[in-house]
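Here's the structure we're looking at; comments come further down.
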Number of protein chains: 6
Amino acid sequence: MSDFDPPMTAVRAVVRAALEEDFGTLGDLTSLAVVPADARGDGRFVARRGGVIAGTAAATEVFRQVDPSVTVSWTVVDGDAVEAGGELGRVEGAVRAILGGERTALNLLCHCSGVATLTRRFVDAVAGTGARIRDTRKTHPGLRAPEKAAVRAGGGFNHRESLSDAVLIKDNHLAHLPLPEAIELARDCWPGRVVEVECDSLEQVAEAKAVGPDLVLVDNMSPADVREAVATLGGAIPVEVSGGVDLDTVRAYAEAGADFISVGVITHSAPILDLALDLE
Amino acid sequence: MSDFDPPMTAVRAVVRAALEEDFGTLGDLTSLAVVPADARGDGRFVARRGGVIAGTAAATEVFRQVDPSVTVSWTVVDGDAVEAGGELGRVEGAVRAILGGERTALNLLCHCSGVATLTRRFVDAVAGTGARIRDTRKTHPGLRAPEKAAVRAGGGFNHRESLSDAVLIKDNHLAHLPLPEAIELARDCWPGRVVEVECDSLEQVAEAKAVGPDLVLVDNMSPADVREAVATLGGAIPVEVSGGVDLDTVRAYAEAGADFISVGVITHSAPILDLALDLE
Amino acid sequence: MSDFDPPMTAVRAVVRAALEEDFGTLGDLTSLAVVPADARGDGRFVARRGGVIAGTAAATEVFRQVDPSVTVSWTVVDGDAVEAGGELGRVEGAVRAILGGERTALNLLCHCSGVATLTRRFVDAVAGTGARIRDTRKTHPGLRAPEKAAVRAGGGFNHRESLSDAVLIKDNHLAHLPLPEAIELARDCWPGRVVEVECDSLEQVAEAKAVGPDLVLVDNMSPADVREAVATLGGAIPVEVSGGVDLDTVRAYAEAGADFISVGVITHSAPILDLALDLE
Amino acid sequence: MSDFDPPMTAVRAVVRAALEEDFGTLGDLTSLAVVPADARGDGRFVARRGGVIAGTAAATEVFRQVDPSVTVSWTVVDGDAVEAGGELGRVEGAVRAILGGERTALNLLCHCSGVATLTRRFVDAVAGTGARIRDTRKTHPGLRAPEKAAVRAGGGFNHRESLSDAVLIKDNHLAHLPLPEAIELARDCWPGRVVEVECDSLEQVAEAKAVGPDLVLVDNMSPADVREAVATLGGAIPVEVSGGVDLDTVRAYAEAGADFISVGVITHSAPILDLALDLE
Amino acid sequence: MSDFDPPMTAVRAVVRAALEEDFGTLGDLTSLAVVPADARGDGRFVARRGGVIAGTAAATEVFRQVDPSVTVSWTVVDGDAVEAGGELGRVEGAVRAILGGERTALNLLCHCSGVATLTRRFVDAVAGTGARIRDTRKTHPGLRAPEKAAVRAGGGFNHRESLSDAVLIKDNHLAHLPLPEAIELARDCWPGRVVEVECDSLEQVAEAKAVGPDLVLVDNMSPADVREAVATLGGAIPVEVSGGVDLDTVRAYAEAGADFISVGVITHSAPILDLALDLE
Amino acid sequence: MSDFDPPMTAVRAVVRAALEEDFGTLGDLTSLAVVPADARGDGRFVARRGGVIAGTAAATEVFRQVDPSVTVSWTVVDGDAVEAGGELGRVEGAVRAILGGERTALNLLCHCSGVATLTRRFVDAVAGTGARIRDTRKTHPGLRAPEKAAVRAGGGFNHRESLSDAVLIKDNHLAHLPLPEAIELARDCWPGRVVEVECDSLEQVAEAKAVGPDLVLVDNMSPADVREAVATLGGAIPVEVSGGVDLDTVRAYAEAGADFISVGVITHSAPILDLALDLE
């Protein structure tokens with residue numbers, strides 16, 4: 001388990017589902033027809049574009065499930081930046097197994113590396129400020145574990161893993177309930193856990209300050225307003241920014257003093273990193 | 001089952017995994033703390049951006065699994081285009097159930113609609129030509145069924161569902177085997193099935209023509225070369241283009257006479273369509 | 001739950017696996033293309049050949065999983081004999097759902113009814129004797145629950161459900177262990193459970209008698225030897241016959257005084273009963 | 001992965017379900033009682049009857065799941081014909097593991113070999129003609145992958161793996177739709193895929209010819225009518241025969257010029273091949 | 001979803017596994033033999049002993065999965081105290097379904113209520129102090145969700161749901177690492193999350209104070225030492241007590257000023273609450 | 001497979017569910033933060049209290065699933081008694097893997113050993129009498145396999161594994177049916193299987209005697225009544241005692257002549273045996 005690996009329990013389940021999806025009922029028709037059963041080969045994972053790598057544990061697991069006698073070795077670890085043309089690792093074994101696992105391994109590797117790469121761009125954009133980039137629960141269904149690990153590989157940090165690990169009070173919860181009372185209810189119900197509250201206005205920020213949540217999430221504010229929120233909270237309560245943040249605007253928010261900037265796009269809309277498996 | 005629904009067998013499995021991921025062991029801490037168990041409400045799915053909708057069956061299934069007494073109704077069907085601000089549908093029931101299912105439903109709906117929307121842009125870009133946009137096996141692991149359905153909702157067509165439904169001979173298969181022999185092996189092994197062959201050069205196209213595969217996939221060729229490939233094959237064998245196709249170049253390929261243009265980006269890198277659930 | 005239904009827990013799992021197998025990733029291509037989403041219809045399950053029906057609960061569950069709004073009603077119950085041309089039941093609902101579930105429902109129904117029908121032939125062949133037909137663990141992997149229920153629908157009885165519910169000492173267990181000692185070990189280890197012992201000769205039968213197992217299984221003996229085994233055991237220990245029993249020989253074994261005749265062929269090699277679903 | 005192995009993803013799932021079914025909650029009562037934990041042994045898979053072998057990968061997987069230290073080796077590969085009395089392979093390891101896996105391994109091996117053996121008889125019956133034997137979707141629920149692989153081991157070919165990989169328009173689809181229009185709808189919806197159409201009369205064959213499906217399935221016709229259908233389609237469209245085909249009639253259909261003959265009985269009603277595991 | 005229900009996603013999975021375990025391959029032999037298929041009845045859940053109820057959602061789900069036409073209604077909600085002889089609720093429907101689900105429903109209900117009841121005794125023992133009773137990760141494998149919900153029903157609070165939702169640095173982590181550095185590493189890696197540190201001595205408590213974790217867990221200390229630890233941390237950092245706490249000693253710890261007292265016994269060793277289902 | 005191991009099929013499923021529960025989506029936050037990826041260590045399983053060990057196979061499987069390169073070795077086998085302070089075994093490998101699996105392994109080991117230890121106390125309490133201690137179906141949902149194996153490790157015996165392996169007629173079944181008729185129905189339906197009948201009075205015992213079930217279960221009787229029941233049945237039918245049996249009363253029942261005493265508390269309410277994993 002390297003620092004940016006998702007739990008193997010999750011990796012195994014994701015890979016099993018992916019392989020069942022891709023092998024179907026008959027298997028790899030093409031290899032069965034044109035590749036001899038005893039042909040052996042080896043391939044190199046290479047980067048067609050530069051970026052940050054993530055997902056190697058899942059890619060290894062793919063070949064292990066397809067054929068345990070295939071060997072996979074990596075010259076990078078998750079979190080490494082590679083340049084276009086760089087080699088990431090090698091796979092060696094039965095050609096049918098390599099070709100059978102190729103697409104599934106690449107789908108995982110390219111997607112996770114895409115998440116890591118886009119995260120890294122946000123991280124770099126706020127370099128030198130105190131702000132940290134965080135992910136959200138806006139992940140692809142079934143892929144939260146590898147995506148959240150990829151965010152860390154990219155230098156980001158993980159926000160909630162699920163509805164079940166921290167309280168985050170949003171506008172929808174405050175329809176019929178004053179913010180201070182909501183925080184109090186949450187503190188009563190889940191003492192010893194993080195209670196974060198979303199504020200849509202500076203008034204709410206001031207109101208939140210009085211009750212002291214663990215974090216204040218300011219949603220859809222301008223950098224100027226964020227700066228004021230930070231000033232209001234006086235360093236005592238960390239400020240998280242969300243909503244409308246992109247690579248153009250993220251630094252302004254960071255410089256406004258945000259402690260955290262949570263960015264949905266790094267998981268829900270990251271384009272893949274173009275990686276390939278070249279057989280030799 | 002509407003025309004663009006994935007099989008319910010697949011939808012149920014995807015939703016079950018997604019909800020287990022998001023509810024964790026304790027459930028929705030926030031709602032348990034601040035929303036009364038008997039509070040009822042209703043919400044509207046609205047489009048923050050315009051695009052093409054897909055994934056409504058999965059979103060409905062989310063609420064059905066969270067709480068069967070929640071009702072979901074749609075004013076759109078998959079494949080419909082909506083404008084920013086437009087309403088898609090409504091959900092009504094226990095507030096805890098609505099808030100508990102919200103993120104998972106949106107994750108599915110926004111992602112599928114993102115796939116459909118990007119597909120539609122490619123489809124529109126080739127309008128009036130005979131070319132059809134097709135997807136690839138470059139999907140998110142575990143999500144191939146809803147993604148392939150979303151491609152159809154966007155006006156695209158489905159290529160192979162898996163390694164198991166058609167033969168596609170690629171360069172990796174031809175390392176030690178002449179192309180005609182490979183096609184023959186595939187025909188012998190899987191008669192009555194589609195045999196497609198990838199050609200990287202016009203020489204290969206000519207060679208392929210002689211043996212008559214069902215489709216020729218020309219990979220990473222210029223539009224001019226595609227035109228020549230089409231001419232060579234003389235209308236007898238459909239031509240599919242892949243590799244290096246984006247919204248800027250797709251029409252040139254279509255006008256070059258391609259029958260199919262397969263585009264990985266519509267599934268592996270489609271940004272989400274920004275949709276929301278507004279509670280009332 | 002009728003008398004010959006397998007547990008619903010097992011039925012649901014079998015049907016889920018079967019539908020995932022048959023719907024694949026895209027669903028029913030044909031119906032999606034040629035049947036309107038809103039077309040409704042109804043169909044009749046009819047017998048092309050006469051036989052004994054089993055598997056109706058599983059067939060109902062198929063449609064329930066495909067589309068809960070489909071209604072299925074039966075004019076027979078499991079265990080009923082039908083004649084060629086007879087109607088078994090009806091299904092009504094969306095045509096896409098009916099056609100989508102048709103093959104899976106029939107696969108279950110025809111197979112289970114095939115098992116019940118062949119069982120009934122064995123049961124009829126021993127009518128009037130005291131012998132009872134029993135099944136074995138020679139079932140189709142994953143289908144033991146519906147097959148064992150079908151045996152009962154055919155008038156047979158269930159032998160062990162698994163390795164875990166009774167002791168059956170066979171020749172392989174007696175390689176290095178005298179039969180009496182083996183029975184003693186089994187009695188010590190699993191008191192209060194059935195201990196059955198396989199005997200391959202009349203000498204073994206006599207040896208077994210001394211220690212008193214709950215049942216004696218005589219394997220691959222002639223009817224004459226079975227008669228002698230029965231005489232030896234003097235009615236105190238029931239005798240089960242197995243091995244080399246077919247429809248021609250089964251009555252001779254029954255008349256020889258066997259209490260049970262266990263027949264692998266009724267589960268492992270029963271041809272289907274030809275049933276169909278006629279749409280109207 | 002040999003040529004006739006089902007995908008390991010499917011094999012693992014089938015074996016897991018089968019072993020859970022057979023080990024139950026307590027395990028193998030008999031071995032626990034009468035076989036010492038440290039007893040080791042070895043056994044030979046032998047053919048009681050001659051036939052064609054299939055399912056060795058599944059049988060190996062059984063012992064791997066029961067106890068990874070058991071070794072299994074084969075002297076045959078799937079597709080080999082064996083004579084009565086011939087040895088197929090060996091298993092060596094803890095006796096408890098061998099006896100615990102024996103029945104499940106045999107259930108898979110005997111059933112798959114039964115499918116392969118019956119398929120081979122059909123294949124032999126049409127030897128010298130151009131006809132190929134194909135399977136259908138009439139498989140045992142949950143066992144389609146090993147059964148379709150066994151058909152290939154027997155020399156047959158695989159028809160659709162599921163509803164999801166090709167279009168097959170049948171009479172039920174044509175209730176309210178003319179055949180040419182149905183074919184057109186299917187072509188529009190699923191371009192680049194095989195579209196096969198079932199014809200119940202020579203009139204329909206002629207009608208089909210005009211629109212040009214990829215295959216024509218003639219259902220329940222006499223060999224004479226098949227010959228006429230073949231003549232009508234003039235070699236341009238392959239003809240598949242189905243319905244009412246048995247070992248007595250199959251050659252007549254083949255000689256009538258059928259390209260494919262699809263036979264449900266080889267999967268739904270194949271009797272097992274009698275194989276055994278003899279301990280030494 | 002009431003306040004003390006586990007997530008339905010978890011409940012469904014637990015109930016499915018439990019029913020598969022209890023119905024086996026054949027089903028409820030006894031009811032199949034002696035209860036007519038059409039017999040209907042109703043039963044009352046009653047308390048043989050007084051205690052706190054939990055697990056009603058799971059018990060309801062049991063009958064829903066056995067037979068959806070069974071109706072279950074409760075006169076208590078989770079968290080209610082009942083006296084011996086008190087009625088909890090009723091179940092009405094097919095007798096076979098009621099008897100088939102009885103044991104599984106009671107196993108869940110009695111166990112969860114046992115957890116809630118023992119928790120309540122600890123909660124009552126510290127009444128009037130500021131201390132809160134918390135659970136641990138010492139749960140029965142596969143049952144964490146219902147057990148943690150039952151703790152809340154008993155008036156307790158939930159500590160970590162898993163290794164994945166908060167940091168808890170223990171002695172094993174500090175073998176080669178000074179405590180302050182460990183806290184710093186955790187803060188760097190998981191900012192915005194709770195970091196708790198276990199201290200085995202007052203020196204460690206002082207050391208911890210300097211770096212400021214979110215909670216200090218004092219393990220296996222006397223109440224006197226706990227009092228000193230609380231004094232040291234001066235109210236700024238909450239103190240959690242664990243180790244060697246039972247019903248006799250818990251109040252002394254509470255009065256020593258502990259904010260939290262985490263007690264493994266409430267989940268890992270709670271005796272069941274004796275509840276029964278009386279048929280009428 | 002040692003004598004007291006549950007089936008590996010069940011062990012694997014239990015461990016997989018337990019690890020998914022404990023690793024969640026992100027994994028072991030603490031180890032990821034403070035333990036280097038390459039740190040290796042070893043630990044000793046030690047007994048904090050004396051008792052009987054069970055569950056070692058499950059504990060081994062935990063580490064195998066977390067990281068196959070971890071090695072686990074045991075100095076005890078299931079069924080061994082250990083004293084407080086005694087070593088049970090060792091685990092060696094990556095520290096992250098050891099700490100990640102620690103809690104799950106201990107949860108299984110402590111619970112199973114708790115069951116074995118309490119069972120042993122009951123077994124010891126009846127030593128020298130002919131009575132055998134048996135378990136019931138009152139197990140923790142999902143954990144029946146390891147719990148029933150632990151009962152045997154403690155010297156007890158297994159009663160029914162499920163509703164599916166033997167008939168047990170209880171008062172609820174006799175509401176509208178005389179006991180003799182119920183036994184007859186069961187014999188007719190499930191010949192060759194154990195039929196046990198519960199009697200609540202000596203009258204019922206006499207009534208049962210006349211029809212001859214395989215066992216008579218006397219429920220909630222005094223030892224004196226049990227003695228009379230035993231006398232009535234005259235040694236011909238074994239007597240099982242259940243209800244209201246605890247460590248204080250069990251010997252009196254044994255001395256009254258009971259053949260079996262079934263005790264729910266050994267599975268449903270056994271406190272854990274306190275075991276720990278000490279890292280070195």
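In the structure tokens, chains take the letters A, B, ... in the order shown, each chain's residues start at 1, and ligands count up from 1 in the order shown.
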Per-residue nearest contacts of chain C to chain A (9 Å; only C-alpha atoms) as JSON lines:
```
{"residue": "C:Glu21", "atom": "CA", "partner": "A:Thr25", "partner_atom": "CA", "distance": 7.4}
{"residue": "C:Gly24", "atom": "CA", "partner": "A:Gly24", "partner_atom": "CA", "distance": 7.6}
{"residue": "C:Thr25", "atom": "CA", "partner": "A:Glu21", "partner_atom": "CA", "distance": 7.4}
```
Next, the residues of the selection above should be written as an mmCIF file, in the first residue's frame with N, CA, C and O atoms.
```
data_model
loop_
_atom_site.group_PDB
_atom_site.id
_atom_site.type_symbol
_atom_site.label_atom_id
_atom_site.label_comp_id
_atom_site.auth_asym_id
_atom_site.auth_seq_id
_atom_site.Cartn_x
_atom_site.Cartn_y
_atom_site.Cartn_z
ATOM 1 N N GLU C 21 -26.881 -11.884 -17.264
ATOM 2 C CA GLU C 21 -26.300 -12.660 -18.352
ATOM 3 C C GLU C 21 -26.996 -12.350 -19.679
ATOM 4 O O GLU C 21 -26.351 -12.266 -20.715
ATOM 5 N N GLY C 24 -26.997 -8.168 -20.760
ATOM 6 C CA GLY C 24 -25.706 -7.595 -21.103
ATOM 7 C C GLY C 24 -25.636 -6.120 -20.806
ATOM 8 O O GLY C 24 -26.309 -5.608 -19.894
ATOM 9 N N THR C 25 -24.865 -5.410 -21.567
ATOM 10 C CA THR C 25 -24.599 -4.001 -21.297
ATOM 11 C C THR C 25 -25.573 -3.074 -22.008
ATOM 12 O O THR C 25 -25.878 -1.991 -21.524
#
```
(Q) Please list as a ChimeraX atom specification every residue within 9 Å of Ala224 (chain A), counting only C-alpha atoms and excluding residues in the same chain fewer than 4 positions away. (A) /A:228-229,252-253,256
Q. Hey, what's within 12 Å of Gly41 (chain F) if we count only C-alpha atoms and toss same-chain stuff fewer than 5 positions away? As a list in words, please?
A. Asn172, His173, Ala175 and His176 of chain E; Val35, Pro36, Val70, Thr71, Arg90, Val91, Glu92, Gly93, Ala94, Val95, Arg96, Ala97, Ile98, Leu99, Asp278, Leu279 and Glu280 of chain F
Would you put the residues from that selection into a file with N, CA and C atoms, as a compact mmCIF listing (two decimals), in the first residue's frame?
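Full text of again.txt as output:
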```txt
# COMPACT_ATOMS: atom_id res chain seq x y z
N ASN E 172 0.83 1.71 18.94
CA ASN E 172 1.49 1.00 17.85
C ASN E 172 2.05 1.94 16.80
N HIS E 173 1.43 3.10 16.66
CA HIS E 173 1.91 4.06 15.65
C HIS E 173 3.11 4.85 16.15
N ALA E 175 5.73 3.77 17.85
CA ALA E 175 6.93 2.97 18.17
C ALA E 175 8.20 3.72 17.77
N HIS E 176 8.21 4.30 16.59
CA HIS E 176 9.44 4.93 16.10
C HIS E 176 9.23 6.41 15.81
N VAL F 35 2.71 5.90 9.26
CA VAL F 35 3.56 4.72 9.08
C VAL F 35 4.15 4.74 7.68
N PRO F 36 5.46 4.64 7.55
CA PRO F 36 6.05 4.63 6.21
C PRO F 36 5.60 3.41 5.43
N VAL F 70 1.85 -10.73 3.74
CA VAL F 70 1.92 -10.88 5.19
C VAL F 70 1.88 -12.37 5.52
N THR F 71 2.69 -12.80 6.48
CA THR F 71 2.64 -14.21 6.89
C THR F 71 2.06 -14.30 8.29
N ARG F 90 1.73 -15.50 15.45
CA ARG F 90 2.47 -14.32 15.03
C ARG F 90 2.06 -13.89 13.63
N VAL F 91 2.27 -12.60 13.39
CA VAL F 91 2.01 -12.06 12.07
C VAL F 91 3.20 -11.18 11.70
N GLU F 92 3.63 -11.27 10.44
CA GLU F 92 4.84 -10.56 10.03
C GLU F 92 4.64 -9.97 8.65
N GLY F 93 5.04 -8.73 8.48
CA GLY F 93 4.92 -8.12 7.16
C GLY F 93 4.89 -6.60 7.25
N ALA F 94 4.32 -5.98 6.24
CA ALA F 94 4.24 -4.52 6.19
C ALA F 94 3.41 -4.02 7.38
N VAL F 95 3.92 -3.03 8.08
CA VAL F 95 3.21 -2.52 9.27
C VAL F 95 1.84 -1.98 8.88
N ARG F 96 1.76 -1.31 7.76
CA ARG F 96 0.44 -0.80 7.34
C ARG F 96 -0.58 -1.93 7.19
N ALA F 97 -0.14 -3.03 6.64
CA ALA F 97 -1.06 -4.15 6.45
C ALA F 97 -1.44 -4.76 7.79
N ILE F 98 -0.46 -4.89 8.68
CA ILE F 98 -0.74 -5.49 9.99
C ILE F 98 -1.72 -4.61 10.77
N LEU F 99 -1.47 -3.31 10.79
CA LEU F 99 -2.36 -2.42 11.53
C LEU F 99 -3.73 -2.31 10.85
N ASP F 278 0.07 -7.67 19.86
CA ASP F 278 1.13 -6.77 20.32
C ASP F 278 2.21 -6.65 19.27
N LEU F 279 2.42 -5.42 18.83
CA LEU F 279 3.49 -5.21 17.85
C LEU F 279 4.83 -5.10 18.55
N GLU F 280 5.86 -5.53 17.84
CA GLU F 280 7.20 -5.53 18.48
C GLU F 280 8.14 -4.58 17.75
```
Q: Would you list, as a PyMOL selection string, the residues of region 83-238 of chain C that end up in helix (DSSP H, G or I) under DSSP run on this structure's backbone?
A: chain C and resi 95-125+144-153+171-174+179-189+202-211+223-233
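Residue neighbourhood of Glu181 (chain A), excluding near-sequence residues (fewer than 5 positions): Ala186 and Val211 of chain A; Val34 of chain B, at 9 Å, using only C-alpha atoms.
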Put those residues in a file: N, CA, C and O atoms, as a tab-separated table (two decimals), in the first residue's frame.
```tsv
chain	number	residue	atom	x	y	z
A	186	ALA	N	-26.46	19.41	15.39
A	186	ALA	CA	-25.42	18.54	14.85
A	186	ALA	C	-24.38	18.22	15.93
A	186	ALA	O	-23.92	17.09	16.06
A	211	VAL	N	-21.62	30.66	16.74
A	211	VAL	CA	-21.79	29.31	17.26
A	211	VAL	C	-20.57	28.43	17.08
A	211	VAL	O	-20.48	27.36	17.69
B	34	VAL	N	-30.43	17.28	11.64
B	34	VAL	CA	-31.14	18.55	11.52
B	34	VAL	C	-32.48	18.48	10.79
B	34	VAL	O	-33.22	19.46	10.77
```
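Of the listed residues (D:Lys148, D:His140, D:Arg103, D:His111), D:Arg103 comes nearest to Ser162 (chain C); the distances count only C-alpha atoms.
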(Q) Residues within 12 Å of Phe45 (chain A), please, as an NGL selection string. Count only C-alpha atoms; anything in the same chain fewer than 4 positions from it doesn't count. (A) :A and (53 or 56 or 59-60 or 72-76 or 82 or 84-92 or 98 or 102-103 or 105-106 or 109-110 or 274-280)
Export N, CA and C atoms of the chosen residues as a short mmCIF file (atom, residue, chain, number, x, y, z; two decimals), in the first residue's frame?
```cif
data_model
loop_
_atom_site.label_atom_id
_atom_site.label_comp_id
_atom_site.auth_asym_id
_atom_site.auth_seq_id
_atom_site.Cartn_x
_atom_site.Cartn_y
_atom_site.Cartn_z
N ILE A 53 0.63 10.67 -12.53
CA ILE A 53 0.15 9.29 -12.58
C ILE A 53 -0.62 8.91 -11.32
N THR A 56 -2.01 3.03 -10.43
CA THR A 56 -1.17 1.88 -10.78
C THR A 56 -1.59 0.62 -10.02
N ALA A 59 -4.39 -0.93 -11.92
CA ALA A 59 -3.94 -1.53 -13.18
C ALA A 59 -3.23 -2.86 -12.92
N THR A 60 -2.43 -2.89 -11.88
CA THR A 60 -1.78 -4.17 -11.51
C THR A 60 -2.81 -5.23 -11.19
N VAL A 72 3.61 -7.40 -13.56
CA VAL A 72 3.51 -5.97 -13.84
C VAL A 72 4.54 -5.26 -12.95
N SER A 73 5.32 -4.39 -13.53
CA SER A 73 6.27 -3.61 -12.72
C SER A 73 6.22 -2.15 -13.14
N TRP A 74 6.41 -1.28 -12.21
CA TRP A 74 6.25 0.14 -12.46
C TRP A 74 7.56 0.88 -12.23
N THR A 75 7.82 1.85 -13.08
CA THR A 75 8.99 2.70 -12.86
C THR A 75 8.56 4.03 -12.24
N VAL A 76 7.28 4.19 -12.07
CA VAL A 76 6.76 5.39 -11.39
C VAL A 76 5.92 4.94 -10.20
N VAL A 82 4.96 12.63 -15.10
CA VAL A 82 5.70 12.07 -16.25
C VAL A 82 5.57 13.03 -17.43
N ALA A 84 5.47 13.60 -21.70
CA ALA A 84 4.99 12.87 -22.88
C ALA A 84 6.10 11.97 -23.39
N GLY A 85 5.76 10.74 -23.67
CA GLY A 85 6.75 9.79 -24.17
C GLY A 85 7.41 8.97 -23.07
N GLY A 86 7.23 9.39 -21.84
CA GLY A 86 7.87 8.68 -20.73
C GLY A 86 7.27 7.30 -20.51
N GLU A 87 8.11 6.39 -20.02
CA GLU A 87 7.63 5.05 -19.71
C GLU A 87 7.17 5.00 -18.25
N LEU A 88 6.06 4.30 -18.03
CA LEU A 88 5.53 4.18 -16.66
C LEU A 88 5.82 2.82 -16.04
N GLY A 89 5.84 1.81 -16.89
CA GLY A 89 6.03 0.47 -16.34
C GLY A 89 5.91 -0.56 -17.44
N ARG A 90 5.96 -1.83 -17.02
CA ARG A 90 5.94 -2.90 -17.99
C ARG A 90 5.05 -4.04 -17.53
N VAL A 91 4.56 -4.76 -18.51
CA VAL A 91 3.74 -5.92 -18.23
C VAL A 91 4.26 -7.06 -19.10
N GLU A 92 4.33 -8.25 -18.53
CA GLU A 92 4.94 -9.39 -19.24
C GLU A 92 4.14 -10.65 -18.97
N ILE A 98 -2.53 -10.17 -21.66
CA ILE A 98 -2.16 -8.74 -21.74
C ILE A 98 -3.19 -7.98 -22.55
N GLU A 102 -5.75 -5.15 -21.21
CA GLU A 102 -5.25 -3.84 -21.63
C GLU A 102 -6.25 -2.69 -21.45
N ARG A 103 -7.41 -2.85 -22.05
CA ARG A 103 -8.37 -1.72 -22.06
C ARG A 103 -8.84 -1.39 -20.64
N ALA A 105 -7.28 -1.97 -17.80
CA ALA A 105 -6.17 -1.36 -17.06
C ALA A 105 -5.99 0.10 -17.48
N LEU A 106 -6.06 0.34 -18.78
CA LEU A 106 -5.88 1.71 -19.26
C LEU A 106 -7.06 2.59 -18.85
N LEU A 109 -6.29 3.51 -15.34
CA LEU A 109 -5.05 4.29 -15.22
C LEU A 109 -5.22 5.68 -15.84
N CYS A 110 -5.82 5.75 -17.01
CA CYS A 110 -5.99 7.04 -17.69
C CYS A 110 -6.95 7.93 -16.91
N ASP A 274 -3.76 10.83 -21.42
CA ASP A 274 -3.61 9.87 -22.53
C ASP A 274 -2.39 8.98 -22.32
N LEU A 275 -2.64 7.75 -21.93
CA LEU A 275 -1.60 6.77 -21.70
C LEU A 275 -1.87 5.57 -22.60
N ALA A 276 -0.84 4.81 -22.89
CA ALA A 276 -1.03 3.68 -23.79
C ALA A 276 -0.20 2.50 -23.33
N LEU A 277 -0.53 1.36 -23.87
CA LEU A 277 0.25 0.15 -23.61
C LEU A 277 0.79 -0.31 -24.96
N ASP A 278 2.10 -0.18 -25.13
CA ASP A 278 2.72 -0.58 -26.40
C ASP A 278 3.30 -1.97 -26.30
N LEU A 279 2.80 -2.88 -27.14
CA LEU A 279 3.36 -4.23 -27.13
C LEU A 279 4.64 -4.29 -27.94
N GLU A 280 5.50 -5.16 -27.53
CA GLU A 280 6.80 -5.23 -28.22
C GLU A 280 7.00 -6.59 -28.89
#
```
Q | Contacts of region 244-250 of chain B within 12 Å, only C-alpha atoms, excl. fewer than 3 positions in-chain, as a ChimeraX atom specification | A | /A:274 /B:118-127,129,131-134,218-224,226,240-241,253-258,260-266,269
(Q) Can you pull out the residues contacting Ala57 (chain E)? Cut-off 9 Å, using only C-alpha atoms, and skip same-chain residues under 4 positions away; I want them as a ChimeraX atom specification. (A) /E:1-2,5-6,8,11,61-62,78,109
Q) So which one's closest to Gly142 (chain B), A:Pro7, A:Gly114, A:Asn107, A:Pro271? Using only C-alpha atoms, please. A) A:Asn107
Q.
When DSSP is applied to the backbone of this structure, which of region 36-261 of chain D are assigned strand (DSSP E or B)? Write them out as a PyMOL selection string.
A. chain D and resi 40-47+51-52+71-74+81-82+87-94+132-134+157+167-169+195-199+215-219+239-242+260-261
